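Student: Please find work35.cif (mmCIF, C-alpha atoms and all ligand atoms; chains and numbers go by the auth columns) on the next line:
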```
data_target
#
loop_
_atom_site.group_PDB
_atom_site.id
_atom_site.type_symbol
_atom_site.label_atom_id
_atom_site.label_comp_id
_atom_site.label_asym_id
_atom_site.label_seq_id
_atom_site.Cartn_x
_atom_site.Cartn_y
_atom_site.Cartn_z
_atom_site.B_iso_or_equiv
_atom_site.auth_seq_id
_atom_site.auth_asym_id
ATOM 1 C CA MET A 1 -15.954 -20.959 2.584 0.00 30 A
ATOM 2 C CA SER A 2 -17.920 -18.175 4.243 0.00 31 A
ATOM 3 C CA THR A 3 -21.572 -18.802 5.033 0.00 32 A
ATOM 4 C CA VAL A 4 -22.102 -15.218 6.170 0.00 33 A
ATOM 5 C CA GLY A 5 -25.593 -14.016 5.304 0.00 34 A
ATOM 6 C CA ASN A 6 -26.781 -17.490 4.350 0.00 35 A
ATOM 7 C CA SER A 7 -29.286 -17.997 7.179 0.00 36 A
ATOM 8 C CA THR A 8 -32.932 -18.136 6.195 0.00 37 A
ATOM 9 C CA ASN A 9 -36.179 -18.339 8.183 0.00 38 A
ATOM 10 C CA ILE A 10 -34.752 -16.360 11.080 0.00 39 A
ATOM 11 C CA PHE A 11 -36.566 -13.775 13.173 0.00 40 A
ATOM 12 C CA TRP A 12 -35.501 -10.958 15.490 0.00 41 A
ATOM 13 C CA GLN A 13 -36.196 -11.783 19.150 0.00 42 A
ATOM 14 C CA GLU A 14 -36.925 -8.714 21.275 0.00 43 A
ATOM 15 C CA CYS A 15 -35.599 -8.865 24.863 0.00 44 A
ATOM 16 C CA PRO A 16 -37.418 -7.333 27.842 0.00 45 A
ATOM 17 C CA VAL A 17 -34.551 -5.197 29.138 0.00 46 A
ATOM 18 C CA GLY A 18 -33.295 -2.751 26.531 0.00 47 A
ATOM 19 C CA ARG A 19 -30.155 -0.760 25.899 0.00 48 A
ATOM 20 C CA ALA A 20 -31.501 2.394 27.537 0.00 49 A
ATOM 21 C CA GLU A 21 -32.245 0.534 30.782 0.00 50 A
ATOM 22 C CA ARG A 22 -28.778 -1.010 30.844 0.00 51 A
ATOM 23 C CA GLN A 23 -27.176 2.372 30.211 0.00 52 A
ATOM 24 C CA LYS A 24 -29.233 3.897 33.012 0.00 53 A
ATOM 25 C CA LEU A 25 -28.105 1.131 35.362 0.00 54 A
ATOM 26 C CA LEU A 26 -24.477 1.812 34.488 0.00 55 A
ATOM 27 C CA ASN A 27 -24.861 5.601 34.268 0.00 56 A
ATOM 28 C CA GLN A 28 -22.966 5.717 30.991 0.00 57 A
ATOM 29 C CA LYS A 29 -23.615 5.323 27.261 0.00 58 A
ATOM 30 C CA GLY A 30 -22.413 2.367 25.243 0.00 59 A
ATOM 31 C CA CYS A 31 -20.013 3.103 22.412 0.00 60 A
ATOM 32 C CA VAL A 32 -17.060 1.696 20.485 0.00 61 A
ATOM 33 C CA LEU A 33 -13.621 3.257 20.697 0.00 62 A
ATOM 34 C CA TRP A 34 -11.853 1.833 17.653 0.00 63 A
ATOM 35 C CA ILE A 35 -8.072 2.210 17.936 0.00 64 A
ATOM 36 C CA THR A 36 -6.228 1.709 14.634 0.00 65 A
ATOM 37 C CA GLY A 37 -2.570 1.996 13.717 0.00 66 A
ATOM 38 C CA LEU A 38 0.628 0.170 12.864 0.00 67 A
ATOM 39 C CA SER A 39 2.023 -2.616 14.992 0.00 68 A
ATOM 40 C CA GLY A 40 3.985 -0.905 17.760 0.00 69 A
ATOM 41 C CA SER A 41 2.136 2.409 17.422 0.00 70 A
ATOM 42 C CA GLY A 42 0.790 2.123 20.975 0.00 71 A
ATOM 43 C CA LYS A 43 -2.739 0.765 20.426 0.00 72 A
ATOM 44 C CA SER A 44 -2.665 -1.719 23.322 0.00 73 A
ATOM 45 C CA THR A 45 -0.927 0.770 25.605 0.00 74 A
ATOM 46 C CA LEU A 46 -3.645 3.342 24.925 0.00 75 A
ATOM 47 C CA ALA A 47 -6.428 0.760 25.278 0.00 76 A
ATOM 48 C CA CYS A 48 -5.123 -0.416 28.659 0.00 77 A
ATOM 49 C CA THR A 49 -4.533 3.099 29.978 0.00 78 A
ATOM 50 C CA VAL A 50 -8.004 4.261 28.916 0.00 79 A
ATOM 51 C CA GLY A 51 -9.528 1.080 30.408 0.00 80 A
ATOM 52 C CA ARG A 52 -7.777 1.715 33.726 0.00 81 A
ATOM 53 C CA GLU A 53 -8.764 5.369 33.819 0.00 82 A
ATOM 54 C CA LEU A 54 -12.415 4.587 33.046 0.00 83 A
ATOM 55 C CA HIS A 55 -12.416 1.898 35.734 0.00 84 A
ATOM 56 C CA SER A 56 -11.097 4.387 38.280 0.00 85 A
ATOM 57 C CA LYS A 57 -14.001 6.688 37.328 0.00 86 A
ATOM 58 C CA GLY A 58 -16.496 3.861 37.911 0.00 87 A
ATOM 59 C CA LYS A 59 -17.168 3.346 34.188 0.00 88 A
ATOM 60 C CA LEU A 60 -17.448 -0.127 32.681 0.00 89 A
ATOM 61 C CA SER A 61 -15.298 -0.860 29.644 0.00 90 A
ATOM 62 C CA TYR A 62 -13.952 -3.939 27.897 0.00 91 A
ATOM 63 C CA ILE A 63 -10.942 -4.299 25.634 0.00 92 A
ATOM 64 C CA LEU A 64 -11.076 -6.307 22.410 0.00 93 A
ATOM 65 C CA ASP A 65 -7.410 -6.677 21.464 0.00 94 A
ATOM 66 C CA GLY A 66 -6.594 -8.031 17.994 0.00 95 A
ATOM 67 C CA ASP A 67 -3.679 -10.145 19.195 0.00 96 A
ATOM 68 C CA ASN A 68 -5.758 -11.678 22.013 0.00 97 A
ATOM 69 C CA LEU A 69 -8.799 -12.415 19.847 0.00 98 A
ATOM 70 C CA ARG A 70 -6.562 -14.241 17.395 0.00 99 A
ATOM 71 C CA HIS A 71 -5.969 -16.779 20.213 0.00 100 A
ATOM 72 C CA GLY A 72 -9.682 -17.682 20.247 0.00 101 A
ATOM 73 C CA LEU A 73 -12.560 -16.194 18.251 0.00 102 A
ATOM 74 C CA ASN A 74 -10.300 -15.464 15.275 0.00 103 A
ATOM 75 C CA ARG A 75 -7.819 -18.312 15.584 0.00 104 A
ATOM 76 C CA ASP A 76 -8.783 -19.583 12.128 0.00 105 A
ATOM 77 C CA LEU A 77 -7.695 -16.332 10.444 0.00 106 A
ATOM 78 C CA GLY A 78 -4.314 -15.292 9.101 0.00 107 A
ATOM 79 C CA PHE A 79 -3.088 -12.005 7.672 0.00 108 A
ATOM 80 C CA LYS A 80 -4.025 -12.115 4.006 0.00 109 A
ATOM 81 C CA ALA A 81 -6.430 -9.369 2.957 0.00 110 A
ATOM 82 C CA GLU A 82 -9.648 -11.393 3.161 0.00 111 A
ATOM 83 C CA ASP A 83 -8.685 -12.790 6.565 0.00 112 A
ATOM 84 C CA ARG A 84 -8.000 -9.319 7.927 0.00 113 A
ATOM 85 C CA THR A 85 -11.363 -8.183 6.528 0.00 114 A
ATOM 86 C CA GLU A 86 -13.179 -11.072 8.236 0.00 115 A
ATOM 87 C CA ASN A 87 -11.205 -10.402 11.438 0.00 116 A
ATOM 88 C CA ILE A 88 -12.368 -6.779 11.497 0.00 117 A
ATOM 89 C CA ARG A 89 -15.942 -7.709 10.575 0.00 118 A
ATOM 90 C CA ARG A 90 -16.202 -10.183 13.456 0.00 119 A
ATOM 91 C CA VAL A 91 -14.671 -7.788 15.952 0.00 120 A
ATOM 92 C CA GLY A 92 -16.994 -5.045 14.710 0.00 121 A
ATOM 93 C CA GLU A 93 -19.991 -7.288 15.363 0.00 122 A
ATOM 94 C CA VAL A 94 -18.734 -8.201 18.845 0.00 123 A
ATOM 95 C CA ALA A 95 -17.982 -4.550 19.619 0.00 124 A
ATOM 96 C CA LYS A 96 -21.515 -3.637 18.566 0.00 125 A
ATOM 97 C CA LEU A 97 -22.875 -6.172 21.084 0.00 126 A
ATOM 98 C CA PHE A 98 -20.725 -4.742 23.864 0.00 127 A
ATOM 99 C CA ALA A 99 -21.917 -1.215 23.030 0.00 128 A
ATOM 100 C CA ASP A 100 -25.502 -2.490 23.067 0.00 129 A
ATOM 101 C CA ALA A 101 -24.784 -3.988 26.494 0.00 130 A
ATOM 102 C CA GLY A 102 -24.007 -0.405 27.587 0.00 131 A
ATOM 103 C CA LEU A 103 -20.230 -0.773 27.816 0.00 132 A
ATOM 104 C CA ILE A 104 -17.481 1.408 26.459 0.00 133 A
ATOM 105 C CA CYS A 105 -15.925 -1.158 24.148 0.00 134 A
ATOM 106 C CA ILE A 106 -12.274 -0.501 23.302 0.00 135 A
ATOM 107 C CA ALA A 107 -11.255 -2.325 20.116 0.00 136 A
ATOM 108 C CA SER A 108 -7.531 -2.296 19.446 0.00 137 A
ATOM 109 C CA LEU A 109 -6.554 -3.727 16.070 0.00 138 A
ATOM 110 C CA ILE A 110 -4.258 -2.701 13.232 0.00 139 A
ATOM 111 C CA SER A 111 -7.379 -2.724 10.998 0.00 140 A
ATOM 112 C CA PRO A 112 -5.312 -1.549 8.026 0.00 141 A
ATOM 113 C CA TYR A 113 -8.080 -1.202 5.445 0.00 142 A
ATOM 114 C CA ARG A 114 -10.300 1.870 5.453 0.00 143 A
ATOM 115 C CA LYS A 115 -13.306 0.061 3.975 0.00 144 A
ATOM 116 C CA ASP A 116 -13.248 -2.504 6.809 0.00 145 A
ATOM 117 C CA ARG A 117 -13.163 0.190 9.503 0.00 146 A
ATOM 118 C CA ASP A 118 -15.897 2.108 7.695 0.00 147 A
ATOM 119 C CA ALA A 119 -18.008 -1.067 7.578 0.00 148 A
ATOM 120 C CA CYS A 120 -17.707 -1.298 11.387 0.00 149 A
ATOM 121 C CA ARG A 121 -18.649 2.369 11.709 0.00 150 A
ATOM 122 C CA ALA A 122 -21.732 1.679 9.586 0.00 151 A
ATOM 123 C CA MET A 123 -22.822 -1.036 12.049 0.00 152 A
ATOM 124 C CA LEU A 124 -23.325 1.605 14.767 0.00 153 A
ATOM 125 C CA PRO A 125 -25.212 4.870 14.961 0.00 154 A
ATOM 126 C CA ASP A 126 -22.459 7.213 13.774 0.00 155 A
ATOM 127 C CA ALA A 127 -21.672 9.121 16.942 0.00 156 A
ATOM 128 C CA ASN A 128 -21.231 5.835 18.847 0.00 157 A
ATOM 129 C CA PHE A 129 -18.208 4.815 16.769 0.00 158 A
ATOM 130 C CA ILE A 130 -15.141 6.765 17.791 0.00 159 A
ATOM 131 C CA GLU A 131 -12.150 6.083 15.583 0.00 160 A
ATOM 132 C CA VAL A 132 -8.801 6.770 17.223 0.00 161 A
ATOM 133 C CA PHE A 133 -5.828 6.889 14.870 0.00 162 A
ATOM 134 C CA MET A 134 -2.401 6.174 16.368 0.00 163 A
ATOM 135 C CA ASN A 135 -0.521 8.292 13.837 0.00 164 A
ATOM 136 C CA MET A 136 3.009 7.230 14.718 0.00 165 A
ATOM 137 C CA PRO A 137 5.781 7.119 12.101 0.00 166 A
ATOM 138 C CA LEU A 138 6.785 3.671 10.878 0.00 167 A
ATOM 139 C CA GLN A 139 10.342 4.498 11.930 0.00 168 A
ATOM 140 C CA LEU A 140 9.278 4.910 15.579 0.00 169 A
ATOM 141 C CA CYS A 141 7.232 1.683 15.541 0.00 170 A
ATOM 142 C CA GLU A 142 10.152 -0.135 13.992 0.00 171 A
ATOM 143 C CA GLU A 143 12.610 1.266 16.531 0.00 172 A
ATOM 144 C CA ARG A 144 10.327 0.106 19.334 0.00 173 A
ATOM 145 C CA ASP A 145 9.845 -3.361 17.775 0.00 174 A
ATOM 146 C CA ALA A 146 8.532 -4.664 21.106 0.00 175 A
ATOM 147 C CA LYS A 147 7.855 -8.136 19.672 0.00 176 A
ATOM 148 C CA GLY A 148 10.778 -8.353 17.238 0.00 177 A
ATOM 149 C CA LEU A 149 8.336 -8.707 14.327 0.00 178 A
ATOM 150 C CA TYR A 150 9.662 -5.799 12.237 0.00 179 A
ATOM 151 C CA LYS A 151 13.119 -7.354 12.348 0.00 180 A
ATOM 152 C CA LEU A 152 11.675 -10.646 11.098 0.00 181 A
ATOM 153 C CA ALA A 153 9.650 -8.840 8.422 0.00 182 A
ATOM 154 C CA ARG A 154 12.705 -6.892 7.212 0.00 183 A
ATOM 155 C CA ALA A 155 14.602 -10.169 7.062 0.00 184 A
ATOM 156 C CA GLY A 156 11.813 -11.616 4.890 0.00 185 A
ATOM 157 C CA LYS A 157 10.884 -14.151 7.589 0.00 186 A
ATOM 158 C CA ILE A 158 7.344 -12.731 7.906 0.00 187 A
ATOM 159 C CA LYS A 159 5.572 -11.985 4.640 0.00 188 A
ATOM 160 C CA GLY A 160 2.804 -9.413 4.338 0.00 189 A
ATOM 161 C CA PHE A 161 3.684 -7.422 7.442 0.00 190 A
ATOM 162 C CA THR A 162 1.714 -4.183 7.742 0.00 191 A
ATOM 163 C CA GLY A 163 3.844 -1.150 6.915 0.00 192 A
ATOM 164 C CA ILE A 164 6.637 -3.232 5.420 0.00 193 A
ATOM 165 C CA ASP A 165 5.162 -5.218 2.554 0.00 194 A
ATOM 166 C CA ASP A 166 1.454 -4.849 3.296 0.00 195 A
ATOM 167 C CA PRO A 167 -0.531 -1.578 3.192 0.00 196 A
ATOM 168 C CA TYR A 168 -1.881 0.600 5.991 0.00 197 A
ATOM 169 C CA GLU A 169 -4.581 3.066 4.934 0.00 198 A
ATOM 170 C CA PRO A 170 -4.820 5.974 7.395 0.00 199 A
ATOM 171 C CA PRO A 171 -8.283 7.257 8.334 0.00 200 A
ATOM 172 C CA LEU A 172 -9.570 10.284 6.424 0.00 201 A
ATOM 173 C CA ASN A 173 -12.047 11.463 9.070 0.00 202 A
ATOM 174 C CA CYS A 174 -11.230 10.005 12.466 0.00 203 A
ATOM 175 C CA GLU A 175 -12.607 11.474 15.681 0.00 204 A
ATOM 176 C CA ILE A 176 -9.255 11.472 17.517 0.00 205 A
ATOM 177 C CA GLU A 177 -5.699 11.471 16.168 0.00 206 A
ATOM 178 C CA ILE A 178 -2.788 10.760 18.479 0.00 207 A
ATOM 179 C CA GLN A 179 0.521 11.983 17.128 0.00 208 A
ATOM 180 C CA GLN A 180 3.963 13.135 18.141 0.00 209 A
ATOM 181 C CA LYS A 181 4.439 16.736 19.218 0.00 210 A
ATOM 182 C CA ASP A 182 7.817 18.250 18.372 0.00 211 A
ATOM 183 C CA GLY A 183 9.033 14.756 17.574 0.00 212 A
ATOM 184 C CA VAL A 184 7.984 13.347 20.962 0.00 213 A
ATOM 185 C CA CYS A 185 5.191 10.843 21.551 0.00 214 A
ATOM 186 C CA PRO A 186 2.744 11.917 24.287 0.00 215 A
ATOM 187 C CA SER A 187 2.886 9.796 27.429 0.00 216 A
ATOM 188 C CA PRO A 188 0.332 6.971 27.800 0.00 217 A
ATOM 189 C CA SER A 189 -1.424 8.998 30.468 0.00 218 A
ATOM 190 C CA ASP A 190 -1.648 12.081 28.209 0.00 219 A
ATOM 191 C CA MET A 191 -2.950 9.996 25.288 0.00 220 A
ATOM 192 C CA ALA A 192 -5.574 8.371 27.499 0.00 221 A
ATOM 193 C CA GLY A 193 -6.487 11.737 29.015 0.00 222 A
ATOM 194 C CA GLU A 194 -7.329 13.076 25.553 0.00 223 A
ATOM 195 C CA VAL A 195 -9.594 10.101 24.834 0.00 224 A
ATOM 196 C CA VAL A 196 -11.349 10.144 28.220 0.00 225 A
ATOM 197 C CA THR A 197 -11.894 13.914 27.943 0.00 226 A
ATOM 198 C CA TYR A 198 -13.495 13.346 24.527 0.00 227 A
ATOM 199 C CA LEU A 199 -15.809 10.680 25.987 0.00 228 A
ATOM 200 C CA GLY A 200 -16.782 13.018 28.811 0.00 229 A
ATOM 201 C CA GLU A 201 -17.438 15.965 26.483 0.00 230 A
ATOM 202 C CA LYS A 202 -19.608 13.830 24.199 0.00 231 A
ATOM 203 C CA GLY A 203 -21.700 12.641 27.137 0.00 232 A
ATOM 204 C CA PHE A 204 -20.702 8.952 27.165 0.00 233 A
ATOM 205 C CA LEU A 205 -19.690 8.981 30.841 0.00 234 A
ATOM 206 C CA GLN A 206 -23.195 9.665 32.129 0.00 235 A
ATOM 207 C CA TYR A 207 -26.618 8.438 31.173 0.00 236 A
ATOM 208 C CA SER A 208 -28.881 11.483 31.029 0.00 237 A
HETATM 209 N N1 LIG B . 1.724 -9.986 8.909 0.00 301 B
HETATM 210 C C1 LIG B . 1.393 -9.319 10.002 0.00 301 B
HETATM 211 N N2 LIG B . 0.995 -8.026 9.907 0.00 301 B
HETATM 212 C C2 LIG B . 0.645 -7.346 11.019 0.00 301 B
HETATM 213 N N3 LIG B . 0.658 -7.863 12.279 0.00 301 B
HETATM 214 C C3 LIG B . 1.048 -9.147 12.416 0.00 301 B
HETATM 215 C C4 LIG B . 1.426 -9.918 11.301 0.00 301 B
HETATM 216 N N4 LIG B . 1.775 -11.162 11.745 0.00 301 B
HETATM 217 C C5 LIG B . 1.600 -11.166 13.068 0.00 301 B
HETATM 218 N N5 LIG B . 1.163 -9.963 13.495 0.00 301 B
HETATM 219 C C6 LIG B . 0.792 -9.700 14.896 0.00 301 B
HETATM 220 O O1 LIG B . -0.632 -9.649 14.887 0.00 301 B
HETATM 221 C C7 LIG B . -1.101 -8.461 15.523 0.00 301 B
HETATM 222 C C8 LIG B . -2.155 -7.760 14.655 0.00 301 B
HETATM 223 O O2 LIG B . -3.369 -8.434 14.721 0.00 301 B
HETATM 224 P P1 LIG B . -4.679 -7.658 14.275 0.00 301 B
HETATM 225 O O3 LIG B . -5.788 -8.619 14.455 0.00 301 B
HETATM 226 O O4 LIG B . -4.745 -6.363 15.000 0.00 301 B
HETATM 227 O O5 LIG B . -4.399 -7.383 12.719 0.00 301 B
HETATM 228 S S1 LIG B . -5.417 -6.909 11.588 0.00 301 B
HETATM 229 O O6 LIG B . -6.248 -5.844 12.161 0.00 301 B
HETATM 230 O O7 LIG B . -6.231 -8.055 11.165 0.00 301 B
HETATM 231 O O8 LIG B . -4.572 -6.415 10.471 0.00 301 B
HETATM 232 C C9 LIG B . 0.090 -7.535 15.668 0.00 301 B
HETATM 233 O O9 LIG B . -0.090 -6.992 16.972 0.00 301 B
HETATM 234 P P2 LIG B . 0.206 -5.461 17.346 0.00 301 B
HETATM 235 O O10 LIG B . 1.699 -5.353 17.360 0.00 301 B
HETATM 236 O O11 LIG B . -0.389 -5.322 18.712 0.00 301 B
HETATM 237 O O12 LIG B . -0.451 -4.560 16.344 0.00 301 B
HETATM 238 C C10 LIG B . 1.292 -8.428 15.531 0.00 301 B
HETATM 239 O O13 LIG B . 1.758 -8.789 16.800 0.00 301 B
HETATM 240 N N1 LIG B . 3.001 6.766 24.604 0.00 302 B
HETATM 241 C C1 LIG B . 4.048 5.966 24.653 0.00 302 B
HETATM 242 N N2 LIG B . 5.240 6.423 25.054 0.00 302 B
HETATM 243 C C2 LIG B . 6.310 5.595 25.101 0.00 302 B
HETATM 244 N N3 LIG B . 6.285 4.281 24.763 0.00 302 B
HETATM 245 C C3 LIG B . 5.120 3.785 24.347 0.00 302 B
HETATM 246 C C4 LIG B . 3.945 4.591 24.267 0.00 302 B
HETATM 247 N N4 LIG B . 2.938 3.826 23.814 0.00 302 B
HETATM 248 C C5 LIG B . 3.451 2.592 23.623 0.00 302 B
HETATM 249 N N5 LIG B . 4.759 2.575 23.956 0.00 302 B
HETATM 250 C C6 LIG B . 5.645 1.402 23.871 0.00 302 B
HETATM 251 O O1 LIG B . 5.686 1.001 22.511 0.00 302 B
HETATM 252 C C7 LIG B . 5.657 -0.412 22.419 0.00 302 B
HETATM 253 C C8 LIG B . 4.487 -0.837 21.544 0.00 302 B
HETATM 254 O O2 LIG B . 3.285 -0.458 22.184 0.00 302 B
HETATM 255 P P1 LIG B . 1.956 -1.311 22.037 0.00 302 B
HETATM 256 O O3 LIG B . 0.931 -0.637 22.874 0.00 302 B
HETATM 257 O O4 LIG B . 2.236 -2.750 22.301 0.00 302 B
HETATM 258 O O5 LIG B . 1.646 -1.111 20.490 0.00 302 B
HETATM 259 P P2 LIG B . 0.615 -1.867 19.541 0.00 302 B
HETATM 260 O O6 LIG B . -0.474 -2.432 20.410 0.00 302 B
HETATM 261 O O7 LIG B . 0.127 -0.818 18.605 0.00 302 B
HETATM 262 O O8 LIG B . 1.415 -2.927 18.845 0.00 302 B
HETATM 263 C C9 LIG B . 5.573 -0.956 23.842 0.00 302 B
HETATM 264 O O9 LIG B . 6.883 -1.315 24.262 0.00 302 B
HETATM 265 C C10 LIG B . 5.062 0.224 24.639 0.00 302 B
HETATM 266 O O10 LIG B . 5.532 0.218 25.966 0.00 302 B
#
```
What's the structure tokens form of this structure?
Ligand SMILES: Nc1ncnc2c1ncn2[C@@H]1O[C@H](COP(=O)(O)OS(=O)(=O)O)[C@@H](OP(=O)(O)O)[C@H]1O
Ligand SMILES: Nc1ncnc2c1ncn2[C@@H]1O[C@H](COP(=O)(O)OP(=O)(O)O)[C@@H](O)[C@H]1O

Tutor:
Amino acid sequence: MSTVGNSTNIFWQECPVGRAERQKLLNQKGCVLWITGLSGSGKSTLACTVGRELHSKGKLSYILDGDNLRHGLNRDLGFKAEDRTENIRRVGEVAKLFADAGLICIASLISPYRKDRDACRAMLPDANFIEVFMNMPLQLCEERDAKGLYKLARAGKIKGFTGIDDPYEPPLNCEIEIQQKDGVCPSPSDMAGEVVTYLGEKGFLQYS
């Protein structure tokens, strides 16, 4: 049973070095890039390509990948609705810490429910939460089936698989939408370029 919000007699401890000083040190601004989309839509590919490009520009980022976090922090959670909600809540809280540390935190999770993503957005000052929607057709994701999970889901061997027998709620107001052009998916480098350009234009890649 959840004990979230049950602590009493707790106080906020101020720390001597603040967010602004960390950001100045890093010459960047902390934020959360939240990449959402179906399994196989390219979330991890985009996260890794953006991470590499930022690194080559001397900018510090860190990837929170849903699959990876389920090996540790979220190993007690499955895929029923309340588990997914708790998964997203925890990752939102961790992402907020990374942003406060001054990093560009790249969270890559299916995060299928709009209210859960919006709850993460509400944890951060609005402009510091950048929602990136991998708007790829289910058919493409299923054709890719990099992990063979769609095949298992279609065969009824995985129950509650997003897009097959579990819902995905697309964002209504995301900052960036990646989609096919003339039926062709942009290359990883083009997708990442769009995201990094956005970060640059919004001033996240410098401090002042
Ligand atoms: N039932 C079901 N539905 C969706 N996905 C499933 C499921 N079971 C296992 N997987 C694998 O788990 C990865 C998604 O984990 P997430 O933490 O991103 O999911 S969620 O945000 O809590 O919905 C997802 O990874 P990606 O393919 O990278 O999206 C799958 O590999
Ligand atoms: N822009 C792209 N162009 C071509 N193939 C891609 C692209 N993005 C991802 N892929 C391929 O699609 C598959 C699924 O990508 P992945 O990043 O693992 O998706 P997700 O993290 O959303 O499950 C992988 O085999 C990957 O190489």

Student: Got a sec to check which residues lie within 8 Å of ligand LIG 301 (chain B), using only C-alpha atoms and all ligand atoms, and send them as an MDAnalysis selection string?

Tutor: chainID A and resid 65:73 94:96 98:99 107:109 112:114 116:117 137:141 175:176 178 187:191 195

Student: Residues of range 75-136 of chain A that have any atom at most 12 Å from an atom of range 43-49 of chain A: could you tabulate them with the shortest-distance atom pair and the distance in Å to one decimal, using all atoms listed in the file, ordered by chain and increasing number, as a Markdown table?

Tutor:
```
| residue | atom | partner | partner_atom | distance |
| --- | --- | --- | --- | --- |
| A:Lys125 | CA | A:Arg48 | CA | 11.7 |
| A:Leu126 | CA | A:Arg48 | CA | 10.3 |
| A:Phe127 | CA | A:Arg48 | CA | 10.4 |
| A:Ala128 | CA | A:Arg48 | CA | 8.7 |
| A:Asp129 | CA | A:Arg48 | CA | 5.7 |
| A:Ala130 | CA | A:Arg48 | CA | 6.3 |
| A:Gly131 | CA | A:Arg48 | CA | 6.4 |
| A:Leu132 | CA | A:Arg48 | CA | 10.1 |
```

Student: Please enumerate the residues selected by the PyMOL selection byres (((chain A and resi 171) around 10) and not hetatm) when evaluated against the supplied file, formatted as a PyMOL selection string.

Tutor: chain A and resi 67-70+166-170+172-175+177-180+183+192-193

Student: Could you please take those selected residues and save C-alpha atoms as a PDB file, in the coordinates of the input?

Tutor:
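Okay, part20.pdb is ready:
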```
ATOM      1  CA  LEU A  67       0.628   0.170  12.864  1.00  0.00           C
ATOM      2  CA  SER A  68       2.023  -2.616  14.992  1.00  0.00           C
ATOM      3  CA  GLY A  69       3.985  -0.905  17.760  1.00  0.00           C
ATOM      4  CA  SER A  70       2.136   2.409  17.422  1.00  0.00           C
ATOM      5  CA  PRO A 166       5.781   7.119  12.101  1.00  0.00           C
ATOM      6  CA  LEU A 167       6.785   3.671  10.878  1.00  0.00           C
ATOM      7  CA  GLN A 168      10.342   4.498  11.930  1.00  0.00           C
ATOM      8  CA  LEU A 169       9.278   4.910  15.579  1.00  0.00           C
ATOM      9  CA  CYS A 170       7.232   1.683  15.541  1.00  0.00           C
ATOM     10  CA  GLU A 172      12.610   1.266  16.531  1.00  0.00           C
ATOM     11  CA  ARG A 173      10.327   0.106  19.334  1.00  0.00           C
ATOM     12  CA  ASP A 174       9.845  -3.361  17.775  1.00  0.00           C
ATOM     13  CA  ALA A 175       8.532  -4.664  21.106  1.00  0.00           C
ATOM     14  CA  GLY A 177      10.778  -8.353  17.238  1.00  0.00           C
ATOM     15  CA  LEU A 178       8.336  -8.707  14.327  1.00  0.00           C
ATOM     16  CA  TYR A 179       9.662  -5.799  12.237  1.00  0.00           C
ATOM     17  CA  LYS A 180      13.119  -7.354  12.348  1.00  0.00           C
ATOM     18  CA  ARG A 183      12.705  -6.892   7.212  1.00  0.00           C
ATOM     19  CA  GLY A 192       3.844  -1.150   6.915  1.00  0.00           C
ATOM     20  CA  ILE A 193       6.637  -3.232   5.420  1.00  0.00           C
TER      21      ILE A 193
END
```

Student: How big is the axis-aligned box around all listed atoms of ligand LIG 302 (chain B) once 5 Å goes on each side, and where's its centre, in Å to one decimal, as JSON?

Tutor:
```
{"center_x": 3.2, "center_y": 1.9, "center_z": 22.3, "size_x": 17.4, "size_y": 19.7, "size_z": 17.4}
```

Student: Nearest to ligand LIG 302 (chain B): which of A:Glu160, A:Asp145, A:Asp219, A:Asp105 is it, counting only C-alpha atoms and all ligand atoms?

Tutor: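 So, comparing all the options, the nearest one is A:Asp219.
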
Student: From the set A:Glu230, A:Pro215, A:Asn157, A:Gln57, which residue has the shortest atom-to-atom contact distance to Ala124 in chain A, counting only C-alpha atoms?

Tutor: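 Checking each candidate against Ala124 in chain A, we get A:Asn157 as the closest.
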
Student: Take CA of Val213 in chain A and CA of Asp147 in chain A and report the distance between them in Å, one decimal.

Tutor: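 For CA of Val213 in chain A relative to CA of Asp147 in chain A, the distance reads 29.5 Å.
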
Student: Scan for residues within 8 Å of the point (-21.5, 9.0, 27.2) in the coordinates of the file, using all atoms listed in the file, and reply as a list of chain:residue names.

Tutor: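 Here the neighbourhood of the point contains A:Gln57, A:Lys58, A:Gly59, A:Cys60, A:Leu228, A:Gly229, A:Lys231, A:Gly232, A:Phe233, A:Leu234, A:Gln235, A:Tyr236.
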
Student: Rounded to one decimal in Å, what is the spacing between CA of Met165 in chain A and CA of Ile135 in chain A?

Tutor: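 Result for CA of Met165 in chain A versus CA of Ile135 in chain A: 19.2 Å, one decimal.
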
Student: Do you have the CA of Leu62 in chain A-CA of Asp211 in chain A distance handy?

Tutor: 26.3 Å

Student: Which residue out of A:Cys203, A:Met163, A:Ile39, A:Ala151 has the minimum interatomic distance to ligand LIG 302 (chain B) when all atoms listed in the file are used?

Tutor: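 For ligand LIG 302 (chain B), the nearest of the candidates is A:Met163.
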
Student: From the list A:Leu181, A:Met152, A:Val225, A:Ala136, which residue is nearest Leu93 in chain A when using all atoms listed in the file?

Tutor: A:Ala136

Student: Please write the residues picked by the PyMOL selection byres (((chain A and resi 87) around 12) and not hetatm) on this file as a PyMOL selection string.

Tutor: chain A and resi 55-57+80-86+88-90+132-133+234-235

Student: Which residue is closest to ligand LIG 302 (chain B)? Choose from A:Cys134, A:Ile64, A:Thr74, A:Arg119 and count only C-alpha atoms and all ligand atoms.

Tutor: A:Thr74
